[in-house]
$ cat query14.tsv   # TSV, C-alpha atoms
chain	number	residue	atom	x	y	z
A	105	MET	CA	22.63	40.70	127.83
A	106	ALA	CA	21.94	42.11	124.39
A	107	GLY	CA	19.35	44.41	125.94
A	108	SER	CA	21.83	45.83	128.41
A	109	THR	CA	24.39	46.48	125.63
A	110	ASP	CA	21.72	48.21	123.59
A	111	ARG	CA	20.75	50.35	126.54
A	112	ARG	CA	24.40	51.25	127.12
A	113	THR	CA	24.85	52.15	123.46
A	114	LEU	CA	21.69	54.21	123.52
A	115	ARG	CA	22.81	56.04	126.66
A	116	ARG	CA	26.21	56.73	125.10
A	117	GLU	CA	24.57	58.12	121.99
A	118	ARG	CA	22.29	60.33	124.04
A	119	THR	CA	25.13	61.75	126.11
A	120	ARG	CA	27.18	62.39	123.00
A	121	ALA	CA	24.23	64.16	121.38
A	122	ARG	CA	23.77	66.29	124.51
A	123	ILE	CA	27.42	67.40	124.39
A	124	MET	CA	27.14	68.15	120.68
A	125	GLU	CA	23.95	70.16	121.17
A	126	ALA	CA	25.38	72.20	124.04
A	127	ALA	CA	28.48	72.98	121.98
A	128	GLN	CA	26.38	73.92	118.97
A	129	VAL	CA	24.39	76.47	120.99
A	130	LEU	CA	27.53	77.97	122.55
A	131	ILE	CA	29.44	78.20	119.25
A	132	SER	CA	26.39	79.66	117.56
A	133	GLU	CA	26.24	82.45	120.15
A	134	ARG	CA	29.94	83.23	120.56
A	135	GLY	CA	32.00	81.63	117.84
A	136	PHE	CA	34.54	78.84	117.98
A	137	HIS	CA	37.16	80.87	119.83
A	138	ASP	CA	35.30	81.55	123.01
A	139	VAL	CA	33.91	78.15	123.92
A	140	GLY	CA	35.65	76.07	126.58
A	141	VAL	CA	35.18	72.49	127.81
A	142	LEU	CA	33.94	73.70	131.20
A	143	GLU	CA	31.10	75.74	129.69
A	144	ILE	CA	30.14	72.86	127.45
A	145	THR	CA	30.01	70.34	130.27
A	146	GLU	CA	28.02	72.77	132.41
A	147	ALA	CA	25.54	73.41	129.61
A	148	ALA	CA	25.25	69.68	128.91
A	149	ASP	CA	25.07	68.94	132.65
A	150	ILE	CA	27.81	66.33	132.66
A	151	GLY	CA	31.18	65.99	134.41
A	152	THR	CA	34.47	66.91	132.80
A	153	GLY	CA	35.63	63.30	133.10
A	154	THR	CA	32.56	62.17	131.16
A	155	PHE	CA	33.35	64.71	128.45
A	156	TYR	CA	36.73	63.16	127.81
A	157	ASN	CA	35.14	59.73	127.49
A	158	TYR	CA	33.48	61.06	124.34
A	159	PHE	CA	35.95	63.53	122.87
A	160	PRO	CA	39.74	63.57	123.29
A	161	SER	CA	39.80	67.37	123.25
A	162	ARG	CA	37.79	70.57	122.85
A	163	ASP	CA	39.08	70.99	119.31
A	164	GLU	CA	37.96	67.53	118.27
A	165	LEU	CA	34.49	68.20	119.62
A	166	LEU	CA	34.28	71.51	117.75
A	167	ALA	CA	35.45	69.83	114.57
A	168	ALA	CA	32.82	67.09	115.01
A	169	VAL	CA	30.06	69.66	115.61
A	170	ALA	CA	31.00	71.55	112.45
A	171	GLU	CA	31.33	68.47	110.28
A	172	GLU	CA	28.26	66.56	111.45
A	173	SER	CA	25.89	69.55	111.51
A	174	MET	CA	26.75	70.40	107.92
A	175	GLU	CA	26.92	66.84	106.63
A	176	GLN	CA	23.43	66.10	107.93
A	177	VAL	CA	21.93	68.96	105.90
A	178	GLY	CA	24.16	68.19	102.92
A	179	ALA	CA	22.95	64.57	102.84
A	180	ALA	CA	19.32	65.74	102.91
A	181	LEU	CA	20.03	68.08	99.98
A	182	ASP	CA	21.56	65.16	98.09
A	183	ARG	CA	18.44	63.07	98.56
A	184	HIS	CA	15.95	65.72	97.47
A	185	LEU	CA	17.73	68.25	95.25
A	186	SER	CA	20.53	66.43	93.44
A	187	VAL	CA	17.97	64.19	91.79
A	188	LEU	CA	16.48	67.11	89.81
A	189	ASP	CA	17.12	67.17	86.05
A	190	ASP	CA	18.10	70.83	85.80
A	191	PRO	CA	21.47	71.58	87.48
A	192	ALA	CA	20.38	75.22	87.84
A	193	GLU	CA	17.42	74.07	89.91
A	194	THR	CA	19.66	71.85	92.05
A	195	TYR	CA	22.10	74.70	92.70
A	196	ALA	CA	19.40	77.30	93.36
A	197	GLY	CA	17.19	74.95	95.38
A	198	SER	CA	20.10	73.89	97.59
A	199	LEU	CA	20.96	77.52	98.29
A	200	ARG	CA	17.33	78.36	99.02
A	201	HIS	CA	17.15	75.48	101.50
A	202	LEU	CA	20.38	76.55	103.19
A	203	VAL	CA	19.02	80.08	103.61
A	204	LEU	CA	15.65	78.87	104.91
A	205	HIS	CA	17.22	76.32	107.24
A	206	ALA	CA	19.59	78.91	108.71
A	207	LEU	CA	16.73	81.36	109.31
A	208	THR	CA	14.47	78.71	110.83
A	209	ASP	CA	16.98	76.79	112.95
A	210	ARG	CA	18.80	79.76	114.44
A	211	VAL	CA	21.35	77.62	116.25
A	212	TRP	CA	22.30	75.93	112.99
A	213	GLY	CA	22.28	79.31	111.22
A	214	GLY	CA	24.54	80.83	113.86
A	215	LEU	CA	26.90	77.88	113.59
A	216	PHE	CA	27.02	78.21	109.81
A	217	VAL	CA	27.85	81.92	110.03
A	218	GLN	CA	30.43	81.38	112.77
A	219	MET	CA	32.17	78.72	110.69
A	220	GLY	CA	32.63	81.13	107.83
A	221	ALA	CA	32.99	80.25	104.18
A	222	ALA	CA	36.59	79.03	104.45
A	223	HIS	CA	36.04	76.49	107.24
A	224	PRO	CA	37.49	73.16	106.06
A	225	ALA	CA	34.43	71.26	107.30
A	226	LEU	CA	32.12	73.52	105.31
A	227	MET	CA	34.18	73.02	102.19
A	228	ARG	CA	34.31	69.24	102.72
A	229	THR	CA	30.55	68.92	103.25
A	230	MET	CA	28.82	71.75	101.36
A	231	GLY	CA	31.66	72.97	99.16
A	232	ARG	CA	32.20	69.66	97.40
A	233	ARG	CA	28.47	69.31	96.70
A	234	CYS	CA	28.30	72.83	95.33
A	235	ARG	CA	31.33	72.11	93.16
A	236	ARG	CA	29.66	68.95	91.82
A	237	ASP	CA	26.45	70.85	90.99
A	238	LEU	CA	28.38	73.64	89.27
A	239	VAL	CA	30.37	71.18	87.17
A	240	ARG	CA	27.12	69.43	86.20
A	241	GLY	CA	25.73	72.80	85.16
A	242	ILE	CA	28.78	73.65	83.07
A	243	GLU	CA	28.67	70.28	81.34
A	244	ALA	CA	24.98	70.74	80.61
A	245	GLY	CA	25.73	74.16	79.09
A	246	ARG	CA	23.60	75.74	81.80
A	247	PHE	CA	26.30	77.80	83.55
A	248	MET	CA	29.06	80.08	82.31
A	249	ILE	CA	31.88	79.76	84.82
A	250	GLU	CA	35.53	80.54	84.17
A	251	ASP	CA	36.89	79.20	87.47
A	252	VAL	CA	34.87	76.65	89.43
A	253	ASP	CA	36.82	77.00	92.68
A	254	LEU	CA	36.35	80.75	92.60
A	255	ALA	CA	32.62	80.23	92.00
A	256	VAL	CA	32.36	77.87	94.98
A	257	ASN	CA	34.22	80.35	97.21
A	258	CYS	CA	32.04	83.23	96.03
A	259	THR	CA	28.86	81.23	96.57
A	260	PHE	CA	29.65	80.37	100.18
A	261	GLY	CA	31.20	83.73	100.99
A	262	ALA	CA	28.07	85.44	99.71
A	263	LEU	CA	25.85	82.96	101.55
A	264	VAL	CA	27.58	83.45	104.91
A	265	SER	CA	27.46	87.20	104.48
A	266	ALA	CA	23.82	87.27	103.35
A	267	LEU	CA	22.82	85.13	106.33
A	268	GLN	CA	24.85	87.27	108.70
A	269	GLY	CA	22.89	90.28	107.44
A	270	GLU	CA	19.55	88.53	107.82
A	271	LEU	CA	20.28	87.05	111.24
A	272	ASN	CA	21.31	90.48	112.54
A	273	ASP	CA	18.15	92.00	111.14
A	274	GLU	CA	15.29	92.34	113.62
A	275	HIS	CA	12.79	91.52	110.91
A	276	PRO	CA	14.59	89.16	108.56
A	277	GLY	CA	12.84	88.59	105.28
A	278	ARG	CA	12.66	85.39	103.30
A	279	CYS	CA	15.58	86.26	101.07
A	280	ASP	CA	16.03	82.71	99.78
A	281	LYS	CA	14.68	83.38	96.27
A	282	LEU	CA	16.49	86.69	95.82
A	283	PHE	CA	19.74	85.15	97.01
A	284	ALA	CA	19.45	82.10	94.75
A	285	ARG	CA	18.63	84.37	91.81
A	286	ALA	CA	21.71	86.52	92.42
A	287	MET	CA	23.87	83.38	92.58
A	288	LEU	CA	22.35	81.96	89.38
A	289	ARG	CA	23.17	85.22	87.60
A	290	MET	CA	26.68	85.09	89.07
A	291	VAL	CA	27.28	81.70	87.48
A	292	GLY	CA	26.06	82.96	84.12
A	293	VAL	CA	22.31	82.32	84.01
A	294	THR	CA	20.34	85.25	82.54
A	295	HIS	CA	18.14	87.33	84.82
A	296	ASP	CA	14.87	86.07	83.29
A	297	ASP	CA	15.97	82.46	83.34
A	298	ALA	CA	17.14	82.81	86.95
A	299	THR	CA	13.78	84.28	87.91
A	300	GLU	CA	11.95	81.39	86.26
A	301	VAL	CA	14.13	78.78	87.99
A	302	THR	CA	13.69	80.30	91.45
A	303	ASN	CA	9.92	80.55	90.94
A	304	ARG	CA	9.61	76.79	90.53
A	305	PRO	CA	8.23	75.06	93.64
A	306	LEU	CA	10.96	74.14	96.08
A	307	PRO	CA	11.14	70.39	96.83
A	308	THR	CA	10.80	69.74	100.56
A	309	LEU	CA	13.58	68.02	102.48
A	310	SER	CA	11.31	65.84	104.62
A	311	ALA	CA	11.12	62.12	103.90
B	67	MET	CA	59.23	126.69	120.00
B	68	ALA	CA	57.15	125.91	116.92
B	69	GLY	CA	59.94	123.62	115.68
B	70	SER	CA	59.98	121.66	118.92
B	71	THR	CA	56.18	121.27	118.82
B	72	ASP	CA	56.41	120.06	115.25
B	73	ARG	CA	59.08	117.57	116.19
B	74	ARG	CA	56.98	116.35	119.08
B	75	THR	CA	53.92	115.99	116.83
B	76	LEU	CA	55.98	114.18	114.24
B	77	ARG	CA	57.41	111.83	116.87
B	78	ARG	CA	53.92	111.12	118.20
B	79	GLU	CA	52.67	110.35	114.71
B	80	ARG	CA	55.57	108.03	114.07
B	81	THR	CA	55.05	106.10	117.30
B	82	ARG	CA	51.33	105.82	116.60
B	83	ALA	CA	52.07	104.54	113.09
B	84	ARG	CA	54.51	101.98	114.51
B	85	ILE	CA	51.87	100.64	116.89
B	86	MET	CA	49.30	100.51	114.09
B	87	GLU	CA	51.70	98.67	111.79
B	88	ALA	CA	52.68	96.13	114.42
B	89	ALA	CA	49.01	95.47	115.17
B	90	GLN	CA	48.19	95.16	111.48
B	91	VAL	CA	50.84	92.47	110.98
B	92	LEU	CA	49.73	90.53	114.05
B	93	ILE	CA	46.01	90.68	113.20
B	94	SER	CA	46.77	89.74	109.63
B	95	GLU	CA	48.57	86.59	110.80
B	96	ARG	CA	46.31	85.49	113.63
B	97	GLY	CA	43.03	87.35	113.57
B	98	PHE	CA	41.57	89.90	115.97
B	99	HIS	CA	40.98	87.40	118.76
B	100	ASP	CA	44.52	86.36	119.45
B	101	VAL	CA	46.36	89.67	119.57
B	102	GLY	CA	47.25	91.16	122.95
B	103	VAL	CA	48.71	94.53	124.00
B	104	LEU	CA	51.95	92.90	125.16
B	105	GLU	CA	52.64	91.33	121.78
B	106	ILE	CA	51.85	94.57	120.03
B	107	THR	CA	54.16	96.65	122.23
B	108	GLU	CA	56.91	94.05	121.83
B	109	ALA	CA	56.54	94.05	118.06
B	110	ALA	CA	56.46	97.85	117.97
B	111	ASP	CA	59.37	98.00	120.44
B	112	ILE	CA	57.68	100.37	122.87
B	113	GLY	CA	56.69	100.16	126.55
B	114	THR	CA	53.18	99.27	127.72
B	115	GLY	CA	52.88	102.72	129.32
B	116	THR	CA	53.62	104.35	125.98
B	117	PHE	CA	50.94	102.22	124.35
B	118	TYR	CA	48.25	103.62	126.63
B	119	ASN	CA	49.35	107.16	125.79
B	120	TYR	CA	48.09	106.45	122.29
B	121	PHE	CA	45.17	104.09	122.70
B	122	PRO	CA	42.89	103.71	125.72
B	123	SER	CA	42.57	99.96	125.13
B	124	ARG	CA	43.44	97.04	122.89
B	125	ASP	CA	39.94	97.08	121.40
B	126	GLU	CA	40.20	100.74	120.44
B	127	LEU	CA	43.51	100.10	118.71
B	128	LEU	CA	42.08	97.15	116.81
B	129	ALA	CA	39.07	99.24	115.78
B	130	ALA	CA	41.37	102.05	114.60
B	131	VAL	CA	43.51	99.62	112.58
B	132	ALA	CA	40.45	98.19	110.87
B	133	GLU	CA	38.84	101.55	110.15
B	134	GLU	CA	41.93	103.46	108.99
B	135	SER	CA	43.39	100.67	106.83
B	136	MET	CA	40.13	100.34	104.95
B	137	GLU	CA	39.34	104.05	104.77
B	138	GLN	CA	42.70	104.80	103.21
B	139	VAL	CA	42.06	102.42	100.31
B	140	GLY	CA	38.43	103.50	100.07
B	141	ALA	CA	39.44	107.15	99.71
B	142	ALA	CA	41.88	106.25	96.94
B	143	LEU	CA	39.11	104.37	95.12
B	144	ASP	CA	36.87	107.44	95.44
B	145	ARG	CA	39.49	109.65	93.81
B	146	HIS	CA	40.21	107.39	90.84
B	147	LEU	CA	37.21	105.11	90.28
B	148	SER	CA	34.11	107.00	91.38
B	149	VAL	CA	34.82	109.65	88.75
B	150	LEU	CA	34.18	107.19	85.90
B	151	ASP	CA	31.02	107.68	83.85
B	152	ASP	CA	29.88	104.07	83.83
B	153	PRO	CA	28.76	102.82	87.27
B	154	ALA	CA	29.51	99.26	86.14
B	155	GLU	CA	33.12	100.28	85.55
B	156	THR	CA	33.32	101.96	88.98
B	157	TYR	CA	31.93	98.87	90.73
B	158	ALA	CA	34.06	96.40	88.77
B	159	GLY	CA	37.21	98.54	88.91
B	160	SER	CA	36.91	99.03	92.66
B	161	LEU	CA	36.57	95.29	93.17
B	162	ARG	CA	39.53	94.61	90.87
B	163	HIS	CA	41.65	97.04	92.87
B	164	LEU	CA	40.62	95.50	96.17
B	165	VAL	CA	41.60	92.04	94.89
B	166	LEU	CA	44.92	93.27	93.50
B	167	HIS	CA	45.74	95.31	96.60
B	168	ALA	CA	45.01	92.35	98.89
B	169	LEU	CA	47.22	90.04	96.81
B	170	THR	CA	50.07	92.57	96.61
B	171	ASP	CA	50.03	93.94	100.15
B	172	ARG	CA	49.66	90.65	101.99
B	173	VAL	CA	49.39	92.31	105.40
B	174	TRP	CA	46.48	94.42	104.20
B	175	GLY	CA	44.99	91.39	102.46
B	176	GLY	CA	45.27	89.31	105.62
B	177	LEU	CA	43.66	92.08	107.63
B	178	PHE	CA	40.80	92.35	105.14
B	179	VAL	CA	40.13	88.61	105.30
B	180	GLN	CA	40.40	88.53	109.10
B	181	MET	CA	37.87	91.34	109.39
B	182	GLY	CA	35.32	89.39	107.43
B	183	ALA	CA	32.47	90.81	105.41
B	184	ALA	CA	30.31	91.72	108.40
B	185	HIS	CA	32.89	93.81	110.28
B	186	PRO	CA	31.26	97.18	111.08
B	187	ALA	CA	34.39	99.07	109.98
B	188	LEU	CA	34.36	97.32	106.61
B	189	MET	CA	30.71	98.15	106.11
B	190	ARG	CA	31.28	101.79	107.14
B	191	THR	CA	34.24	102.27	104.81
B	192	MET	CA	33.85	99.92	101.85
B	193	GLY	CA	30.23	98.87	102.27
B	194	ARG	CA	28.82	102.38	102.00
B	195	ARG	CA	30.88	103.09	98.88
B	196	CYS	CA	29.75	99.86	97.28
B	197	ARG	CA	26.16	100.71	98.16
B	198	ARG	CA	26.54	104.14	96.56
B	199	ASP	CA	27.98	102.62	93.37
B	200	LEU	CA	25.23	100.02	93.18
B	201	VAL	CA	22.50	102.64	93.61
B	202	ARG	CA	24.12	104.75	90.88
B	203	GLY	CA	24.10	101.69	88.64
B	204	ILE	CA	20.44	100.96	89.34
B	205	GLU	CA	19.48	104.58	88.63
B	206	ALA	CA	21.44	104.49	85.38
B	207	GLY	CA	19.58	101.32	84.37
B	208	ARG	CA	22.89	99.47	84.39
B	209	PHE	CA	22.18	96.98	87.17
B	210	MET	CA	19.23	94.75	88.00
B	211	ILE	CA	19.16	94.45	91.79
B	212	GLU	CA	16.15	93.54	93.88
B	213	ASP	CA	17.72	94.24	97.29
B	214	VAL	CA	20.71	96.57	97.53
B	215	ASP	CA	21.73	95.58	101.07
B	216	LEU	CA	21.71	91.94	100.06
B	217	ALA	CA	23.86	92.80	97.03
B	218	VAL	CA	26.39	94.67	99.21
B	219	ASN	CA	26.56	91.75	101.64
B	220	CYS	CA	26.98	89.25	98.82
B	221	THR	CA	29.69	91.36	97.17
B	222	PHE	CA	31.84	91.57	100.29
B	223	GLY	CA	31.14	88.04	101.42
B	224	ALA	CA	32.22	86.76	98.02
B	225	LEU	CA	35.25	89.07	98.03
B	226	VAL	CA	36.48	87.92	101.44
B	227	SER	CA	35.98	84.30	100.47
B	228	ALA	CA	37.63	84.67	97.06
B	229	LEU	CA	40.64	86.38	98.67
B	230	GLN	CA	40.84	83.74	101.36
B	231	GLY	CA	41.04	81.12	98.63
B	232	GLU	CA	43.71	83.02	96.71
B	233	LEU	CA	45.81	83.88	99.77
B	234	ASN	CA	45.84	80.22	100.83
B	235	ASP	CA	46.88	79.16	97.36
B	236	GLU	CA	50.59	78.62	96.87
B	237	HIS	CA	50.39	80.07	93.38
B	238	PRO	CA	47.62	82.64	93.50
B	239	GLY	CA	46.43	83.83	90.12
B	240	ARG	CA	45.33	87.32	89.20
B	241	CYS	CA	41.66	86.62	89.70
B	242	ASP	CA	40.66	90.29	89.73
B	243	LYS	CA	38.98	90.28	86.31
B	244	LEU	CA	37.20	86.96	86.81
B	245	PHE	CA	35.95	88.06	90.20
B	246	ALA	CA	34.71	91.44	88.98
B	247	ARG	CA	32.98	89.74	86.05
B	248	ALA	CA	31.17	87.32	88.36
B	249	MET	CA	30.03	90.22	90.54
B	250	LEU	CA	28.82	92.24	87.54
B	251	ARG	CA	26.77	89.26	86.43
B	252	MET	CA	25.45	88.89	89.98
B	253	VAL	CA	24.09	92.46	89.89
B	254	GLY	CA	22.39	91.83	86.56
B	255	VAL	CA	24.92	92.74	83.87
B	256	THR	CA	25.00	90.24	81.00
B	257	HIS	CA	28.02	87.97	80.58
B	258	ASP	CA	29.20	89.67	77.37
B	259	ASP	CA	28.74	93.15	78.79
B	260	ALA	CA	30.56	92.16	81.99
B	261	THR	CA	33.44	90.79	79.95
B	262	GLU	CA	33.69	94.02	77.98
B	263	VAL	CA	33.64	96.17	81.13
B	264	THR	CA	36.36	94.15	82.87
B	265	ASN	CA	38.53	94.23	79.75
B	266	ARG	CA	38.72	98.02	79.84
B	267	PRO	CA	42.05	99.33	81.16
B	268	LEU	CA	42.02	99.66	84.95
B	269	PRO	CA	42.71	103.22	86.19
B	270	THR	CA	45.71	103.29	88.52
B	271	LEU	CA	45.31	104.47	92.10
B	272	SER	CA	48.59	106.44	92.22
B	273	ALA	CA	48.46	110.25	92.24

$ encode --input "query14.tsv" --output "C-alpha cells"
Amino acid sequence: MAGSTDRRTLRRERTRARIMEAAQVLISERGFHDVGVLEITEAADIGTGTFYNYFPSRDELLAAVAEESMEQVGAALDRHLSVLDDPAETYAGSLRHLVLHALTDRVWGGLFVQMGAAHPALMRTMGRRCRRDLVRGIEAGRFMIEDVDLAVNCTFGALVSALQGELNDEHPGRCDKLFARAMLRMVGVTHDDATEVTNRPLPTLSA
Amino acid sequence: MAGSTDRRTLRRERTRARIMEAAQVLISERGFHDVGVLEITEAADIGTGTFYNYFPSRDELLAAVAEESMEQVGAALDRHLSVLDDPAETYAGSLRHLVLHALTDRVWGGLFVQMGAAHPALMRTMGRRCRRDLVRGIEAGRFMIEDVDLAVNCTFGALVSALQGELNDEHPGRCDKLFARAMLRMVGVTHDDATEVTNRPLPTLSA
C-alpha cells in the first residue's frame, strides 16, 4: 500500500515538473503575456483536465514557475556564497553566478530576463537576498550606499539589462567579472578593490 | 489656397498628436501588449478609418510613440547637457533629468518604464547618446569602463528599475542625485568626486 502511494506521489511530482518545464521554455521564448494553458499542455503532452489538477489557473502556474525557478538558485547561493566572510565577495560572487547561470541555462536566463527586475517573485527571492548582503556590507563598512532599496533596484535592473544584451549577442562573452566589478563600484567599492574581489576564485554551487 | 492647405496640415498634425497622446496614456498604464486600435481611437475620439489614414498599423503607431517621445527628450538633453565641458556632468545631468522628467510627467515616465531598457527605440534615442557621453568620458580620462556596451545596458537597466521603484512608491522621493551618483561610481568615478559632480546646479532644459 505504501509503495503504491509513493508511486502515485512520484508520478504527481513528475507530471507537475513536466508542466513547469514546458511553461518555463515557453515563457523564456515569448514572455509571460503570450503563453496560454493550451500551449503548455501541448508542450507537456498532457490533457487540459490534468493541468487543472495541478494548477487552479494559468496565472498561478506562471507565478509558481517564476518563484520556484528563482528560489532554487537563490537557495544555492545562500549555501555557497552567503557563508563568505567578505560581504563584497558574497555580493559580487552571487552576481557572477547569476550571470553565468543565465548564460549557461538559456531557458533559465530567458525566464529571468522576461520576468524583469520589478517582478514580485524576483524581489521576494533574489531581491531580499541582495538587500541582506548589501546591509551586511554597509554594516561592515565595506559599501557606501545612501539608499539600499535604490541599490537593490539598480542591481537587478542592470543585471536584467546586461543579460538581455548578452543573450541577444551572437557571441556572448563571459561578462560576469566585468558586471560584478561595475556593481561593486556602484555600491561604493573602489575600482582597484573591486578588481581584486572579482579576481578571487568563484566558489562553485555544486554540493 | 495656401491658407486652406495650412489649415489642412495643421488639422492633420493635431489629429496625429491626439492619436499619439491617447496611445501614450494607454501604453503608460498597461504596457505595449494590451493596447488595441479600438481603445486608442475611442480614447482619441476618432473613427477607425481615420486612424489608418495616419498609421498603417497598431505596431507602427506604438513604434512611433516610443521613438518620438524619447527623441524629444533626448534632443533637449543634447541642447542643454552635451554642451558642458565635463563629460561626468553631462552623463550625470542627463540621468538626473531623465529621473526628474519621469517623476514629473507620469505618462512619459510610465511609457519609459513600459519600454524597458532593451527597447530598440530607447537604445536608438537615449542609448546612443549615453554611449557617446561615456566614450567622451573615457577619452577625457574621467571614466574607467571596461566595456562601453555593458555600461550603457547597465545604466538604462538600472534607470528603468529605479524609476519603476519610485513610480510604485506612494511617496516617491527625488532620487535623481542619488541615482546619478551611483551611476557615476559604476563608471569609475570616485564616491567623493561623484558627490561633487551631482551637487553642481543642474542646467534647466527650457529654452

$ residues_around --input "query14.tsv" --residues "A:Thr145" --least-positions-apart "3" --cutoff "12 Å" --atoms "only C-alpha atoms" --output "VMD selection string"
chain A and resid 119 to 120 122 to 127 130 139 to 142 148 to 156 158 to 159 162 165

$ write_last_selection --input "query14.tsv" --atoms "C-alpha atoms" --output "mmCIF file, in the frame of the given file"
data_model
loop_
_atom_site.group_PDB
_atom_site.id
_atom_site.type_symbol
_atom_site.label_atom_id
_atom_site.label_comp_id
_atom_site.auth_asym_id
_atom_site.auth_seq_id
_atom_site.Cartn_x
_atom_site.Cartn_y
_atom_site.Cartn_z
ATOM 1 C CA THR A 119 25.130 61.750 126.110
ATOM 2 C CA ARG A 120 27.180 62.390 123.000
ATOM 3 C CA ARG A 122 23.770 66.290 124.510
ATOM 4 C CA ILE A 123 27.420 67.400 124.390
ATOM 5 C CA MET A 124 27.140 68.150 120.680
ATOM 6 C CA GLU A 125 23.950 70.160 121.170
ATOM 7 C CA ALA A 126 25.380 72.200 124.040
ATOM 8 C CA ALA A 127 28.480 72.980 121.980
ATOM 9 C CA LEU A 130 27.530 77.970 122.550
ATOM 10 C CA VAL A 139 33.910 78.150 123.920
ATOM 11 C CA GLY A 140 35.650 76.070 126.580
ATOM 12 C CA VAL A 141 35.180 72.490 127.810
ATOM 13 C CA LEU A 142 33.940 73.700 131.200
ATOM 14 C CA ALA A 148 25.250 69.680 128.910
ATOM 15 C CA ASP A 149 25.070 68.940 132.650
ATOM 16 C CA ILE A 150 27.810 66.330 132.660
ATOM 17 C CA GLY A 151 31.180 65.990 134.410
ATOM 18 C CA THR A 152 34.470 66.910 132.800
ATOM 19 C CA GLY A 153 35.630 63.300 133.100
ATOM 20 C CA THR A 154 32.560 62.170 131.160
ATOM 21 C CA PHE A 155 33.350 64.710 128.450
ATOM 22 C CA TYR A 156 36.730 63.160 127.810
ATOM 23 C CA TYR A 158 33.480 61.060 124.340
ATOM 24 C CA PHE A 159 35.950 63.530 122.870
ATOM 25 C CA ARG A 162 37.790 70.570 122.850
ATOM 26 C CA LEU A 165 34.490 68.200 119.620
#

$ residues_around --input "query14.tsv" --residues "A:Leu306" --least-positions-apart "5" --cutoff "12 Å" --atoms "all atoms listed in the file" --output "JSON, numbers by chain"
{"A": [181, 184, 185, 188, 193, 194, 195, 196, 197, 198, 199, 200, 201, 204, 280, 281, 284, 301]}

$ closest_residue --input "query14.tsv" --among "A:Gly135, A:Pro224, A:Gly213, A:Pro305" --to "A:Glu171" --atoms "all atoms listed in the file"
A:Pro224

$ atom_distance --input "query14.tsv" --atom1 "atom CA of B:Val165" --atom2 "atom CA of A:His137"
27.7 Å

$ atom_distance --input "query14.tsv" --atom1 "atom CA of A:Leu263" --atom2 "atom CA of B:Leu128"
26.4 Å

$ residues_near_point --input "query14.tsv" --point "(25.0, 75.8, 113.7)" --cutoff "9 Å" --atoms "all atoms listed in the file" --output "number ranges by chain"
A: 128-129, 131-132, 169-170, 173-174, 206, 209-219

$ write_last_selection --input "query14.tsv" --atoms "C-alpha atoms" --output "PDB file, in the frame of the given file"
ATOM      1  CA  GLN A 128      26.380  73.920 118.970  1.00  0.00           C
ATOM      2  CA  VAL A 129      24.390  76.470 120.990  1.00  0.00           C
ATOM      3  CA  ILE A 131      29.440  78.200 119.250  1.00  0.00           C
ATOM      4  CA  SER A 132      26.390  79.660 117.560  1.00  0.00           C
ATOM      5  CA  VAL A 169      30.060  69.660 115.610  1.00  0.00           C
ATOM      6  CA  ALA A 170      31.000  71.550 112.450  1.00  0.00           C
ATOM      7  CA  SER A 173      25.890  69.550 111.510  1.00  0.00           C
ATOM      8  CA  MET A 174      26.750  70.400 107.920  1.00  0.00           C
ATOM      9  CA  ALA A 206      19.590  78.910 108.710  1.00  0.00           C
ATOM     10  CA  ASP A 209      16.980  76.790 112.950  1.00  0.00           C
ATOM     11  CA  ARG A 210      18.800  79.760 114.440  1.00  0.00           C
ATOM     12  CA  VAL A 211      21.350  77.620 116.250  1.00  0.00           C
ATOM     13  CA  TRP A 212      22.300  75.930 112.990  1.00  0.00           C
ATOM     14  CA  GLY A 213      22.280  79.310 111.220  1.00  0.00           C
ATOM     15  CA  GLY A 214      24.540  80.830 113.860  1.00  0.00           C
ATOM     16  CA  LEU A 215      26.900  77.880 113.590  1.00  0.00           C
ATOM     17  CA  PHE A 216      27.020  78.210 109.810  1.00  0.00           C
ATOM     18  CA  VAL A 217      27.850  81.920 110.030  1.00  0.00           C
ATOM     19  CA  GLN A 218      30.430  81.380 112.770  1.00  0.00           C
ATOM     20  CA  MET A 219      32.170  78.720 110.690  1.00  0.00           C
TER      21      MET A 219
END

$ interface_residues --input "query14.tsv" --of "chain B" --to "chain A" --cutoff "8 Å" --atoms "only C-alpha atoms" --output "JSON, numbers by chain"
{"B": [99, 183, 184, 212, 213, 216, 219, 220, 221, 222, 223, 224, 225, 226, 227, 228, 230, 231, 244, 245, 248, 249, 250, 251, 252, 253, 254, 256, 257]}

$ atom_distance --input "query14.tsv" --atom1 "atom CA of A:Cys234" --atom2 "atom CA of A:Phe247"
12.9 Å

$ closest_residue --input "query14.tsv" --among "B:Gly140, B:Arg78, B:Leu169, B:Asn119" --to "B:Leu233" --atoms "all atoms listed in the file"
B:Leu169

$ axis_aligned_box --input "query14.tsv" --around "stretch 246-252 of chain A" --padding-each-side "4 Å" --output "AutoDock Vina command-line options"
--center_x 30.2 --center_y 78.1 --center_z 85.6 --size_x 21.3 --size_y 12.8 --size_z 15.6

$ closest_residue --input "query14.tsv" --among "B:Asp235, B:Arg80, B:Asp72, B:Arg202" --to "B:Val149" --atoms "all atoms listed in the file"
B:Arg202
